[in-house]
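Here's the structure we're looking at; comments come further down.
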Amino acid sequence: MAGAMIVTPFSIPNVSAMFKNKLASPSQQKNVSIIGSGITGLVLGAMLSRKGYKVTILESNPVFIGGHARSFSVEGIEFCAGPQFLWEFGKGDIGYRVLEFLNLESKISMVPLNNKAQNYYQVGNDSGMLLPTGISGFKNKMLKKFPDEEEAIEDFFEYFDSLFQASKHLEKEGLYMADYSDMRSSIALSGDVSFGAKLDVWKLAKKTLQETFDICELSKEAQKYLYSSGGVFAEPANELSIGVYVAAMGHIYTSAYVPRHGFKHMINALVGVIKAGGGDVLTNNKVIKAVVSAGSIIKLETESGNTFSNEYVISTLSPRLTCKLISQCDKDDFDYSPSNSLTSVFVGVKATKELLEKLKGRFNWWNAEGNNLDFANPDMLKPPVHLYAGSQTALKSSNIAEGTVIDLTIFAPGNFEQSRKTANRGKSIYNSFKERVIETVLKTTEQYLIPGLRENIVFTEIKTPWDIYQDLGVEKGNVYGRRLNPDSVLSAVKTINSVDNLTIANASVGLPGIATCFNTANIFFEELTGEKI
């Protein structure tokens, strides 16, 4: 993606202009190398393979593929290390259309979440709120819980609807990878966004979630519930972009799906398409150098001593990490800030009636007493201020026998520097640190979300931000690419324009978050090949 375009208020942004380079036809340009096996790269690689390109994916990890979406098993129980759901997989939606293009729509079956009890929100010791599918259901629950704030709540959800109209338009046009001036021009000329919604967008686009709360004059208690699932972004309300919040929450409530056979099956199916097209996915091949001649990458060199020639390169690494591979590139040119980090605790737990009531078909969110929580520098040894707890097994199955050992994944705020410095003190000290983090996360989860949890635990595993860095090499063990504040998400991230046959397809460039990966891959595919699906 090239730098920001100059767009007048009366011109329509040309999405293609954001992409400097395109792929020649497969007959002229066959070999495409993709650095990293993140899910966006896998989807894009599968689409290019289906088109006729020979795709080779080079993954640094010796075992796992899928990037943040990698899966692993403990005692026969499968966990996905990152995403717990995807969106836009209803018939006709972009995810479904990509699967159709890949002939995978029957093989990768997607299950919608429980429409009567999709999310459970709890703040502190409060009794909590069980939410059905749909934004209107969320609003009605808020009105019932806070009847004295009808006007403020109505105002908030009116703004929500306006911003969600705009976010869906930007997704359809691929403009969430553009600069705010391009987004604004496209929205202004769009027939998909009502006039009133456009006015709301101009008013709020550069606001944080907290600033929007304050404009609506919502009480502190109401704010806490509206923020609840927003904590998954690892940003407090006074830093989180209202646009990011709305785009994600709108999709979660209207089109959240999980793969029926798990994320590992989805990843393997995408790999199968690449291999069927004559390509491959090679683990233990960390790219350490991109050799550039006459403005093009002519080969990639890996740490294991392998070299790969190619006509085109797609990097799923961040722009700064991609730049480090090219001797002529100055990594100091990239000034975006990586997102904050999360810690993941993976639990094998015996299913009880009470546990299944908490987990079947729904996500569980807990916040401490506040919106503006510390995600930038939390002490991981102290009780977490935010939790998400869910089970892939329980999300997609209603027939789980009591006593069955199922997966439970709990996300909490993480601290890259704290985990890095502790790891550097030695293995035994680091393992002790991780055991203490597990205990404090489990204790808080049991206290507020799942009573009696610890007495039914069979095993536990943990991934700290340092572990994520070790597994994936991502900057500061982050989970969303760049920061999710308004300044960051409304600015197009600079990429490497001096190389003619390179595209960077990474969350720092696109919209952060794995749930958008199919749409992001489709945008890159269309712009690189000129083919719409």
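For the structure tokens, the naming scheme is as follows: chains receive sequential letters (A, B, ...) according to their order of presentation, residues are indexed from 1 within each chain, and ligands are indexed from 1 in presentation order.
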
For range 79-128 of chain A versus range 172-175 of chain A, which residues have an atom no more than 12 Å away, and what is each residue's nearest atom pair and distance in Å rounded to one decimal, using only C-alpha atoms, chain-then-number order, as a Markdown table?
```
| residue | atom | partner | partner_atom | distance |
| --- | --- | --- | --- | --- |
| A:Glu88 | CA | A:Lys172 | CA | 11.4 |
| A:Asp93 | CA | A:Lys172 | CA | 10.4 |
| A:Ile94 | CA | A:Lys172 | CA | 8.9 |
```

Contacts of Ala368 in chain A within 9 Å, only C-alpha atoms, excl. fewer than 6 positions in-chain, as a JSON list (two decimals) with all heavy atoms, in the first residue's frame:
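The new file around.json reads:
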```json
[["chain", "number", "residue", "atom", "x", "y", "z"],
["A", 122, "GLN", "N", -20.27, -8.37, 32.99],
["A", 122, "GLN", "CA", -20.33, -8.14, 34.43],
["A", 122, "GLN", "C", -19.29, -7.10, 34.81],
["A", 122, "GLN", "O", -18.16, -7.13, 34.31],
["A", 122, "GLN", "CB", -20.07, -9.43, 35.21],
["A", 122, "GLN", "CG", -20.22, -9.27, 36.71],
["A", 122, "GLN", "CD", -20.15, -10.59, 37.44],
["A", 122, "GLN", "OE1", -20.52, -11.62, 36.90],
["A", 122, "GLN", "NE2", -19.67, -10.56, 38.68],
["A", 123, "VAL", "N", -19.67, -6.20, 35.68],
["A", 123, "VAL", "CA", -18.77, -5.17, 36.19],
["A", 123, "VAL", "C", -18.65, -5.35, 37.69],
["A", 123, "VAL", "O", -19.66, -5.34, 38.41],
["A", 123, "VAL", "CB", -19.28, -3.76, 35.86],
["A", 123, "VAL", "CG1", -18.38, -2.71, 36.51],
["A", 123, "VAL", "CG2", -19.36, -3.54, 34.36],
["A", 124, "GLY", "N", -17.43, -5.56, 38.19],
["A", 124, "GLY", "CA", -17.22, -5.74, 39.62],
["A", 124, "GLY", "C", -18.06, -6.88, 40.16],
["A", 124, "GLY", "O", -18.12, -7.97, 39.58],
["A", 125, "ASN", "N", -18.74, -6.63, 41.26],
["A", 125, "ASN", "CA", -19.58, -7.63, 41.90],
["A", 125, "ASN", "C", -21.04, -7.56, 41.46],
["A", 125, "ASN", "O", -21.90, -8.22, 42.05],
["A", 125, "ASN", "CB", -19.52, -7.47, 43.42],
["A", 125, "ASN", "CG", -18.20, -7.96, 43.99],
["A", 125, "ASN", "OD1", -17.78, -9.08, 43.73],
["A", 125, "ASN", "ND2", -17.54, -7.10, 44.76],
["A", 224, "LYS", "N", -19.53, 1.76, 32.08],
["A", 224, "LYS", "CA", -18.79, 0.53, 32.35],
["A", 224, "LYS", "C", -19.35, -0.65, 31.56],
["A", 224, "LYS", "O", -18.60, -1.49, 31.06],
["A", 224, "LYS", "CB", -18.81, 0.23, 33.85],
["A", 224, "LYS", "CG", -18.05, 1.23, 34.70],
["A", 224, "LYS", "CD", -18.30, 0.99, 36.17],
["A", 224, "LYS", "CE", -17.71, 2.10, 37.03],
["A", 224, "LYS", "NZ", -18.02, 1.92, 38.47],
["A", 384, "PRO", "N", -6.12, -9.20, 37.62],
["A", 384, "PRO", "CA", -6.38, -8.49, 36.36],
["A", 384, "PRO", "C", -7.59, -7.57, 36.48],
["A", 384, "PRO", "O", -8.49, -7.81, 37.29],
["A", 384, "PRO", "CB", -6.63, -9.61, 35.36],
["A", 384, "PRO", "CG", -7.04, -10.78, 36.18],
["A", 384, "PRO", "CD", -6.30, -10.65, 37.48],
["A", 385, "VAL", "N", -7.60, -6.52, 35.66],
["A", 385, "VAL", "CA", -8.71, -5.56, 35.68],
["A", 385, "VAL", "C", -9.72, -5.84, 34.58],
["A", 385, "VAL", "O", -10.76, -5.19, 34.51],
["A", 385, "VAL", "CB", -8.17, -4.12, 35.54],
["A", 385, "VAL", "CG1", -7.34, -3.73, 36.74],
["A", 385, "VAL", "CG2", -7.35, -3.97, 34.24],
["A", 386, "HIS", "N", -9.42, -6.81, 33.73],
["A", 386, "HIS", "CA", -10.34, -7.17, 32.65],
["A", 386, "HIS", "C", -10.14, -8.65, 32.32],
["A", 386, "HIS", "O", -9.01, -9.14, 32.31],
["A", 386, "HIS", "CB", -10.08, -6.33, 31.40],
["A", 386, "HIS", "CG", -10.89, -6.78, 30.21],
["A", 386, "HIS", "ND1", -12.22, -6.47, 30.07],
["A", 386, "HIS", "CD2", -10.57, -7.52, 29.13],
["A", 386, "HIS", "CE1", -12.68, -6.99, 28.95],
["A", 386, "HIS", "NE2", -11.70, -7.64, 28.36],
["A", 387, "LEU", "N", -11.25, -9.35, 32.05],
["A", 387, "LEU", "CA", -11.19, -10.75, 31.67],
["A", 387, "LEU", "C", -12.16, -11.05, 30.55],
["A", 387, "LEU", "O", -13.25, -10.47, 30.49],
["A", 387, "LEU", "CB", -11.56, -11.65, 32.86],
["A", 387, "LEU", "CG", -10.62, -11.70, 34.06],
["A", 387, "LEU", "CD1", -11.28, -12.50, 35.18],
["A", 387, "LEU", "CD2", -9.28, -12.33, 33.69]]
```

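In this comparison, which uses only C-alpha atoms, the residue of A:His261, A:Lys145, A:Lys299, A:Arg482 approaching Asn31 in chain A most closely is A:Lys299.
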
Based on DSSP run over this structure's backbone, return all residues of range 354-428 of chain A in helix (DSSP H, G or I), as a ChimeraX atom specification. /A:354-359,392-396,416-423,427-428

Residues within 7 Å of range 286-294 of chain A, please, as JSON, numbers by chain. Count only C-alpha atoms; anything in the same chain fewer than 3 positions from it doesn't count.
{"A": [58, 59, 60, 297, 298, 299, 300, 301, 302, 303, 325, 326]}

Could you take the residues named above and write them with all heavy atoms, as a JSON list (two decimals), in the first residue's frame?
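Contents of the output file part.json:
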```json
[["chain", "number", "residue", "atom", "x", "y", "z"],
["A", 58, "LEU", "N", 6.60, -18.92, 3.81],
["A", 58, "LEU", "CA", 7.79, -19.15, 4.62],
["A", 58, "LEU", "C", 7.48, -18.74, 6.06],
["A", 58, "LEU", "O", 7.29, -17.55, 6.35],
["A", 58, "LEU", "CB", 8.98, -18.37, 4.07],
["A", 58, "LEU", "CG", 9.33, -18.68, 2.61],
["A", 58, "LEU", "CD1", 10.40, -17.72, 2.11],
["A", 58, "LEU", "CD2", 9.79, -20.12, 2.46],
["A", 59, "GLU", "N", 7.42, -19.71, 6.95],
["A", 59, "GLU", "CA", 7.05, -19.48, 8.34],
["A", 59, "GLU", "C", 8.26, -19.74, 9.25],
["A", 59, "GLU", "O", 8.93, -20.77, 9.13],
["A", 59, "GLU", "CB", 5.90, -20.40, 8.73],
["A", 59, "GLU", "CG", 5.59, -20.47, 10.22],
["A", 59, "GLU", "CD", 5.31, -19.12, 10.84],
["A", 59, "GLU", "OE1", 4.54, -18.33, 10.26],
["A", 59, "GLU", "OE2", 5.87, -18.83, 11.92],
["A", 60, "SER", "N", 8.54, -18.81, 10.16],
["A", 60, "SER", "CA", 9.71, -18.94, 11.03],
["A", 60, "SER", "C", 9.52, -20.01, 12.11],
["A", 60, "SER", "O", 10.48, -20.67, 12.50],
["A", 60, "SER", "CB", 10.02, -17.59, 11.69],
["A", 60, "SER", "OG", 8.97, -17.19, 12.53],
["A", 297, "ILE", "N", 12.78, -7.34, -5.28],
["A", 297, "ILE", "CA", 13.32, -8.44, -4.48],
["A", 297, "ILE", "C", 13.53, -9.63, -5.41],
["A", 297, "ILE", "O", 12.59, -10.11, -6.06],
["A", 297, "ILE", "CB", 12.37, -8.83, -3.34],
["A", 297, "ILE", "CG1", 12.21, -7.65, -2.36],
["A", 297, "ILE", "CG2", 12.88, -10.06, -2.59],
["A", 297, "ILE", "CD1", 11.18, -7.89, -1.28],
["A", 298, "ILE", "N", 14.77, -10.10, -5.51],
["A", 298, "ILE", "CA", 15.06, -11.21, -6.42],
["A", 298, "ILE", "C", 15.15, -12.54, -5.69],
["A", 298, "ILE", "O", 14.98, -13.61, -6.29],
["A", 298, "ILE", "CB", 16.36, -10.96, -7.21],
["A", 298, "ILE", "CG1", 17.56, -10.75, -6.26],
["A", 298, "ILE", "CG2", 16.19, -9.78, -8.16],
["A", 298, "ILE", "CD1", 18.90, -10.70, -6.99],
["A", 299, "LYS", "N", 15.42, -12.49, -4.37],
["A", 299, "LYS", "CA", 15.41, -13.74, -3.61],
["A", 299, "LYS", "C", 15.29, -13.44, -2.11],
["A", 299, "LYS", "O", 15.60, -12.33, -1.66],
["A", 299, "LYS", "CB", 16.66, -14.57, -3.88],
["A", 299, "LYS", "CG", 17.96, -13.96, -3.38],
["A", 299, "LYS", "CD", 19.13, -14.91, -3.68],
["A", 299, "LYS", "CE", 20.45, -14.29, -3.20],
["A", 299, "LYS", "NZ", 21.60, -15.19, -3.47],
["A", 300, "LEU", "N", 14.84, -14.44, -1.39],
["A", 300, "LEU", "CA", 14.73, -14.38, 0.06],
["A", 300, "LEU", "C", 15.68, -15.40, 0.65],
["A", 300, "LEU", "O", 15.78, -16.54, 0.17],
["A", 300, "LEU", "CB", 13.29, -14.67, 0.50],
["A", 300, "LEU", "CG", 12.21, -13.73, 0.00],
["A", 300, "LEU", "CD1", 10.82, -14.24, 0.39],
["A", 300, "LEU", "CD2", 12.41, -12.31, 0.53],
["A", 301, "GLU", "N", 16.38, -14.99, 1.71],
["A", 301, "GLU", "CA", 17.29, -15.89, 2.40],
["A", 301, "GLU", "C", 16.75, -16.17, 3.80],
["A", 301, "GLU", "O", 16.28, -15.27, 4.48],
["A", 301, "GLU", "CB", 18.68, -15.27, 2.49],
["A", 301, "GLU", "CG", 19.31, -15.00, 1.14],
["A", 301, "GLU", "CD", 20.69, -14.35, 1.24],
["A", 301, "GLU", "OE1", 21.14, -14.09, 2.39],
["A", 301, "GLU", "OE2", 21.31, -14.09, 0.20],
["A", 302, "THR", "N", 16.83, -17.44, 4.22],
["A", 302, "THR", "CA", 16.30, -17.81, 5.53],
["A", 302, "THR", "C", 17.43, -18.16, 6.49],
["A", 302, "THR", "O", 18.57, -18.44, 6.09],
["A", 302, "THR", "CB", 15.34, -19.02, 5.43],
["A", 302, "THR", "OG1", 16.10, -20.19, 5.12],
["A", 302, "THR", "CG2", 14.29, -18.78, 4.37],
["A", 303, "GLU", "N", 17.08, -18.18, 7.76],
["A", 303, "GLU", "CA", 18.05, -18.46, 8.82],
["A", 303, "GLU", "C", 18.65, -19.86, 8.69],
["A", 303, "GLU", "O", 19.80, -20.10, 9.08],
["A", 303, "GLU", "CB", 17.36, -18.30, 10.18],
["A", 303, "GLU", "CG", 18.28, -18.21, 11.36],
["A", 303, "GLU", "CD", 17.52, -17.85, 12.62],
["A", 303, "GLU", "OE1", 16.55, -18.57, 12.95],
["A", 303, "GLU", "OE2", 17.87, -16.84, 13.27],
["A", 325, "LEU", "N", 14.44, -6.47, 6.84],
["A", 325, "LEU", "CA", 14.94, -7.51, 5.94],
["A", 325, "LEU", "C", 15.67, -6.93, 4.73],
["A", 325, "LEU", "O", 16.36, -7.66, 4.02],
["A", 325, "LEU", "CB", 13.78, -8.38, 5.44],
["A", 325, "LEU", "CG", 12.91, -9.07, 6.50],
["A", 325, "LEU", "CD1", 11.77, -9.80, 5.83],
["A", 325, "LEU", "CD2", 13.75, -10.02, 7.35],
["A", 326, "ILE", "N", 15.49, -5.63, 4.50],
["A", 326, "ILE", "CA", 16.01, -4.98, 3.29],
["A", 326, "ILE", "C", 17.11, -4.00, 3.68],
["A", 326, "ILE", "O", 16.85, -3.02, 4.40],
["A", 326, "ILE", "CB", 14.87, -4.25, 2.54],
["A", 326, "ILE", "CG1", 13.77, -5.25, 2.18],
["A", 326, "ILE", "CG2", 15.39, -3.54, 1.29],
["A", 326, "ILE", "CD1", 12.49, -4.60, 1.68]]
```

Sort by chain and increasing residue number a table of all residues of range 23-123 of chain A within 10 Å of range 334-346 of chain A, each with its closest pair of atoms and their distance in Å to one decimal, counting only C-alpha atoms, and write it as JSON lines.
```
{"residue": "A:Val74", "atom": "CA", "partner": "A:Phe346", "partner_atom": "CA", "distance": 9.2}
{"residue": "A:Glu78", "atom": "CA", "partner": "A:Phe346", "partner_atom": "CA", "distance": 9.8}
{"residue": "A:Phe79", "atom": "CA", "partner": "A:Phe346", "partner_atom": "CA", "distance": 7.3}
{"residue": "A:Cys80", "atom": "CA", "partner": "A:Phe346", "partner_atom": "CA", "distance": 9.2}
{"residue": "A:Ala81", "atom": "CA", "partner": "A:Ser344", "partner_atom": "CA", "distance": 7.6}
{"residue": "A:Gly82", "atom": "CA", "partner": "A:Ser344", "partner_atom": "CA", "distance": 8.4}
```

With only C-alpha atoms as the counted atoms, please give the residues lying no more than 10 Å from Ala376 in chain A, apart from itself and same-chain residues fewer than 4 positions off, as a CSV table (one decimal) with C-alpha atoms, in the first residue's frame.
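Produced file out.csv, reproduced below:
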```csv
chain,number,residue,atom,x,y,z
A,234,ALA,CA,-6.3,-3.9,25.3
A,235,GLU,CA,-7.1,-0.2,25.3
A,236,PRO,CA,-8.9,1.9,28.0
A,339,SER,CA,-0.7,-2.3,20.2
A,340,ASN,CA,-0.8,-3.3,23.8
A,341,SER,CA,-0.5,-6.9,24.8
A,413,PRO,CA,-4.1,-7.7,30.2
A,414,GLY,CA,-0.4,-8.5,29.6
A,415,ASN,CA,2.9,-6.7,30.0
A,416,PHE,CA,5.6,-7.3,27.5
```

Excluding same-chain residues fewer than 3 positions from Glu239 in chain A, what lies within 10 Å of it counting only C-alpha atoms, as a PyMOL selection string? chain A and resi 207-211+234-236+242+372+483-487

Would you export the selected residues with all heavy atoms as a CSV table (one decimal), in the first residue's frame, please?
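As a result, part.csv now contains:
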```csv
chain,number,residue,atom,x,y,z
A,207,LYS,N,-13.0,10.9,17.7
A,207,LYS,CA,-13.2,10.8,19.1
A,207,LYS,C,-12.8,9.4,19.7
A,207,LYS,O,-12.8,8.4,19.0
A,207,LYS,CB,-14.7,11.1,19.5
A,207,LYS,CG,-15.2,12.4,19.0
A,207,LYS,CD,-14.6,13.6,19.7
A,207,LYS,CE,-15.2,14.9,19.3
A,207,LYS,NZ,-14.5,16.0,19.9
A,208,THR,N,-12.5,9.4,21.0
A,208,THR,CA,-12.4,8.1,21.7
A,208,THR,C,-13.7,7.6,22.2
A,208,THR,O,-14.7,8.4,22.1
A,208,THR,CB,-11.4,8.3,22.9
A,208,THR,OG1,-12.1,9.1,23.8
A,208,THR,CG2,-10.1,8.8,22.5
A,209,LEU,N,-13.8,6.4,22.6
A,209,LEU,CA,-15.0,5.9,23.2
A,209,LEU,C,-15.4,6.7,24.4
A,209,LEU,O,-16.6,7.1,24.6
A,209,LEU,CB,-14.8,4.4,23.6
A,209,LEU,CG,-16.0,3.7,24.3
A,209,LEU,CD1,-17.2,3.7,23.4
A,209,LEU,CD2,-15.6,2.3,24.7
A,210,GLN,N,-14.4,7.1,25.3
A,210,GLN,CA,-14.7,7.9,26.4
A,210,GLN,C,-15.3,9.3,26.1
A,210,GLN,O,-16.3,9.7,26.7
A,210,GLN,CB,-13.5,8.1,27.3
A,210,GLN,CG,-13.7,8.9,28.6
A,210,GLN,CD,-14.7,8.1,29.5
A,210,GLN,OE1,-14.4,7.0,29.8
A,210,GLN,NE2,-15.8,8.8,29.9
A,211,GLU,N,-14.8,9.9,25.1
A,211,GLU,CA,-15.3,11.2,24.6
A,211,GLU,C,-16.7,11.1,24.1
A,211,GLU,O,-17.6,12.0,24.4
A,211,GLU,CB,-14.4,11.8,23.5
A,211,GLU,CG,-13.1,12.3,24.1
A,211,GLU,CD,-12.1,12.7,22.9
A,211,GLU,OE1,-12.1,12.0,21.9
A,211,GLU,OE2,-11.3,13.6,23.2
A,234,ALA,N,-7.5,-4.2,24.5
A,234,ALA,CA,-6.3,-3.9,25.3
A,234,ALA,C,-6.1,-2.4,25.3
A,234,ALA,O,-5.0,-1.9,25.3
A,234,ALA,CB,-5.1,-4.6,24.8
A,235,GLU,N,-7.2,-1.6,25.2
A,235,GLU,CA,-7.1,-0.2,25.3
A,235,GLU,C,-8.2,0.3,26.3
A,235,GLU,O,-9.3,-0.2,26.3
A,235,GLU,CB,-7.4,0.5,23.9
A,235,GLU,CG,-6.4,0.2,22.9
A,235,GLU,CD,-5.2,1.1,23.0
A,235,GLU,OE1,-5.1,2.0,23.9
A,235,GLU,OE2,-4.3,1.0,22.1
A,236,PRO,N,-7.9,1.3,27.1
A,236,PRO,CA,-8.9,1.9,28.0
A,236,PRO,C,-9.8,2.7,27.1
A,236,PRO,O,-9.5,3.1,26.0
A,236,PRO,CB,-8.1,2.7,29.0
A,236,PRO,CG,-6.9,3.1,28.2
A,236,PRO,CD,-6.6,1.9,27.3
A,242,ILE,N,-13.5,5.3,18.9
A,242,ILE,CA,-15.0,5.0,18.9
A,242,ILE,C,-15.3,4.2,17.6
A,242,ILE,O,-16.1,3.3,17.6
A,242,ILE,CB,-15.9,6.2,19.0
A,242,ILE,CG1,-17.3,5.9,18.9
A,242,ILE,CG2,-15.5,7.3,17.9
A,242,ILE,CD1,-17.8,5.0,20.0
A,372,ASN,N,-11.3,3.1,32.3
A,372,ASN,CA,-10.0,3.6,31.9
A,372,ASN,C,-8.9,2.8,32.7
A,372,ASN,O,-8.3,3.2,33.6
A,372,ASN,CB,-9.8,5.1,32.1
A,372,ASN,CG,-10.8,5.8,31.1
A,372,ASN,OD1,-10.8,5.5,29.9
A,372,ASN,ND2,-11.5,6.7,31.7
A,483,ARG,N,-1.5,0.6,17.5
A,483,ARG,CA,-2.4,1.1,18.5
A,483,ARG,C,-3.8,1.3,17.9
A,483,ARG,O,-3.9,1.6,16.7
A,483,ARG,CB,-1.8,2.4,19.1
A,483,ARG,CG,-0.6,2.2,20.0
A,483,ARG,CD,-0.9,1.5,21.3
A,483,ARG,NE,-1.9,2.1,22.0
A,483,ARG,CZ,-1.8,3.1,22.9
A,483,ARG,NH1,-0.6,3.7,23.0
A,483,ARG,NH2,-2.8,3.6,23.6
A,484,LEU,N,-4.8,1.2,18.8
A,484,LEU,CA,-6.1,1.4,18.3
A,484,LEU,C,-6.7,2.7,18.8
A,484,LEU,O,-8.0,2.8,18.9
A,484,LEU,CB,-7.0,0.2,18.9
A,484,LEU,CG,-6.5,-1.2,18.5
A,484,LEU,CD1,-7.4,-2.2,19.0
A,484,LEU,CD2,-6.3,-1.3,17.0
A,485,ASN,N,-5.9,3.7,19.0
A,485,ASN,CA,-6.4,5.0,19.3
A,485,ASN,C,-6.8,5.8,18.0
A,485,ASN,O,-6.4,5.4,16.9
A,485,ASN,CB,-5.4,5.9,20.1
A,485,ASN,CG,-4.1,5.9,19.5
A,485,ASN,OD1,-3.9,5.9,18.2
A,485,ASN,ND2,-3.0,6.1,20.3
A,486,PRO,N,-7.6,6.9,18.0
A,486,PRO,CA,-8.0,7.5,16.8
A,486,PRO,C,-6.9,8.0,15.9
A,486,PRO,O,-7.0,7.8,14.7
A,486,PRO,CB,-8.8,8.7,17.3
A,486,PRO,CG,-9.3,8.3,18.7
A,486,PRO,CD,-8.2,7.5,19.2
A,487,ASP,N,-5.9,8.6,16.4
A,487,ASP,CA,-4.8,9.1,15.5
A,487,ASP,C,-4.2,8.0,14.7
A,487,ASP,O,-3.9,8.1,13.5
A,487,ASP,CB,-3.7,9.8,16.4
A,487,ASP,CG,-4.1,11.1,16.9
A,487,ASP,OD1,-5.1,11.7,16.4
A,487,ASP,OD2,-3.5,11.6,17.8
```

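If you look at CA of Thr529 in chain A and CA of Gly278 in chain A, they are 18.7 Å away from each other.
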
- Near Leu44 in chain A, counting only C-alpha atoms, which residues have an atom at most 8 Å away, once you skip same-chain residues fewer than 6 positions from it, shown as a PyMOL selection string? chain A and resi 521-522+524-525

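Note that the spacing between CA of Gln470 in chain A and CA of Asn284 in chain A amounts to 13.2 Å.
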
May I have the residues within 12 Å of Ile187 in chain A as a ChimeraX atom specification, using only C-alpha atoms and disregarding those fewer than 5 positions away in the same chain? /A:9-13,162-173,175-176,180-182,192-202,205

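The shortest atom-to-atom distance to Met47 in chain A, with only C-alpha atoms taken into account, belongs to A:Leu99 out of A:Ala423, A:Ile462, A:Leu99, A:Val246.
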
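Interatomic distance, CA of Phe263 in chain A against CA of Met110 in chain A: 10.4 Å.
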
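Between Asp333 in chain A and the residues A:Glu455, A:Pro378, A:Asn497, A:Trp365, the shortest atom-to-atom distance, using only C-alpha atoms, involves A:Asn497.
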
Of A:Gly348, A:Gly250, A:Gly279, A:Gly230, the one nearest to Asn371 in chain A when counting only C-alpha atoms is A:Gly230

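Residue nearest Met266 in chain A, chosen from A:Asn506, A:Asn103, A:Ser109, A:Thr516 and counting only C-alpha atoms: A:Ser109.
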